[in-house]
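*Asks:* A single structure is presented below for examination.
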Amino acid sequence: MAWVWQAVGLFVATDIDDLVLLSLFFSQANRAPGSTWRVVAGQYLGFAAIVAISLAGARGADLLPKHAISYLGLLPIAIGLNAALRAWPYWSRDVELPVPRIGMLAVAGITLADGGDNIGVFVPALAARPGAVRIGMVLVFLVMVAVWCRLGYLLGNRRLAIIAVRRWGRVVYPVVLVAVGIRILLTA
């Protein structure tokens, strides 16, 4: 059952930035009646696409020789190092993120567009697991989307919380991704 906590960790590591976006979406949705459900539906729609792409990639990885799967761990390491390099100059700045128009398809599109890091991490993590565990991890991811939506809703009108998530997410995100990649390299 350690895979459950690994799935939670993978989700949290790759979706810190998404929590900030959700908070911004919900802060806008709170001003327009009936928009909250569009944010949640859009988040699930976009994340379903991320999961489908990740599962297809993991299935493709099944065709690789077993010893080659561990090298997929290089992908989250590269994504983590890239994120660290991109975040470094902005560490001490409070950069505002633009708030897009709130609509289900807009949220889904932004979730999918922002999900490249999820796919890059989910594919090797899912490829290193047997089929039943893959399904379990996907279910954990879907539960975590609900948790993220709830947190995003709660943070939606709390500016200080958004600033803290944005600032610490820049540190936590690359560190966790590199750790995930090393774990895949060593255990797959």
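Ordering of the structure tokens sets the chain letters (A, B, ...), residue numbers begin anew at 1 in every chain, and ligands are numbered from 1 in the order given.
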Can you tell me which residues surround stretch 110-125 of chain A at a distance of at most 8 Å, considering only C-alpha atoms, apart from same-chain residues fewer than 3 positions away, and format the answer as a ChimeraX atom specification?
*Replies:* /A:10-11,14-15,18,42-43,46-47,49-51,53-55,57-58,61,69-70,72-73,75-76,79,106-107,128-129,177,180-181,184
*Asks:* What is the distance between atom CA of A:Leu45 and atom CA of A:Leu19, in Å to one decimal?
*Replies:*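 Result for atom CA of A:Leu45 versus atom CA of A:Leu19: 15.8 Å, one decimal.
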*Asks:* Separation of atom CA of A:Val140 and atom CA of A:Ala7, in Å?
*Replies:*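 Those two atoms sit 6.5 Å apart.
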*Asks:* Taking the backbone alone, and naming residues the way the document does, which bits of stretch 99-148 of chain A are helix (DSSP H, G or I) by DSSP, as a ChimeraX atom specification?
*Replies:* /A:104-113,116-127,131-148
*Asks:* Using Å and a single decimal, report how far atom CA of A:Val178 sits from atom CA of A:Phe141.
*Replies:*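 Computed distance, atom CA of A:Phe141 to atom CA of A:Val178, equals 19.7 Å.
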*Asks:* What's around A:Val4 at 9 Å? Count only C-alpha atoms, leave out sequence neighbours fewer than 4 positions away in its own chain, and write the answer as a list of chain:residue names.
*Replies:*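 Contacts, with the query itself left out: A:Val8, A:Gly9, A:Val133, A:Gly136, A:Met137, A:Val140.
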*Asks:* Store the residues picked out above in a file with N, CA and C atoms, as a PDB file, in the first residue's frame.
*Replies:*
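The resulting file, part.pdb, is shown below:
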ATOM      1  N   VAL A   8      -0.173   9.948  -3.963  1.00  0.00           N
ATOM      2  CA  VAL A   8      -0.512  11.239  -3.357  1.00  0.00           C
ATOM      3  C   VAL A   8       0.664  12.207  -3.516  1.00  0.00           C
ATOM      4  N   GLY A   9       1.872  11.732  -3.238  1.00  0.00           N
ATOM      5  CA  GLY A   9       3.061  12.574  -3.370  1.00  0.00           C
ATOM      6  C   GLY A   9       3.285  13.038  -4.802  1.00  0.00           C
ATOM      7  N   VAL A 133      -2.108  -1.885  -9.718  1.00  0.00           N
ATOM      8  CA  VAL A 133      -1.592  -0.727  -8.988  1.00  0.00           C
ATOM      9  C   VAL A 133      -1.775   0.540  -9.829  1.00  0.00           C
ATOM     10  N   GLY A 136      -5.224   1.636  -9.273  1.00  0.00           N
ATOM     11  CA  GLY A 136      -5.309   2.218  -7.937  1.00  0.00           C
ATOM     12  C   GLY A 136      -4.716   3.625  -7.892  1.00  0.00           C
ATOM     13  N   MET A 137      -3.582   3.809  -8.564  1.00  0.00           N
ATOM     14  CA  MET A 137      -2.959   5.133  -8.579  1.00  0.00           C
ATOM     15  C   MET A 137      -3.841   6.144  -9.301  1.00  0.00           C
ATOM     16  N   VAL A 140      -6.502   7.184  -6.967  1.00  0.00           N
ATOM     17  CA  VAL A 140      -5.955   8.135  -5.983  1.00  0.00           C
ATOM     18  C   VAL A 140      -5.843   9.519  -6.619  1.00  0.00           C
TER      19      VAL A 140
END
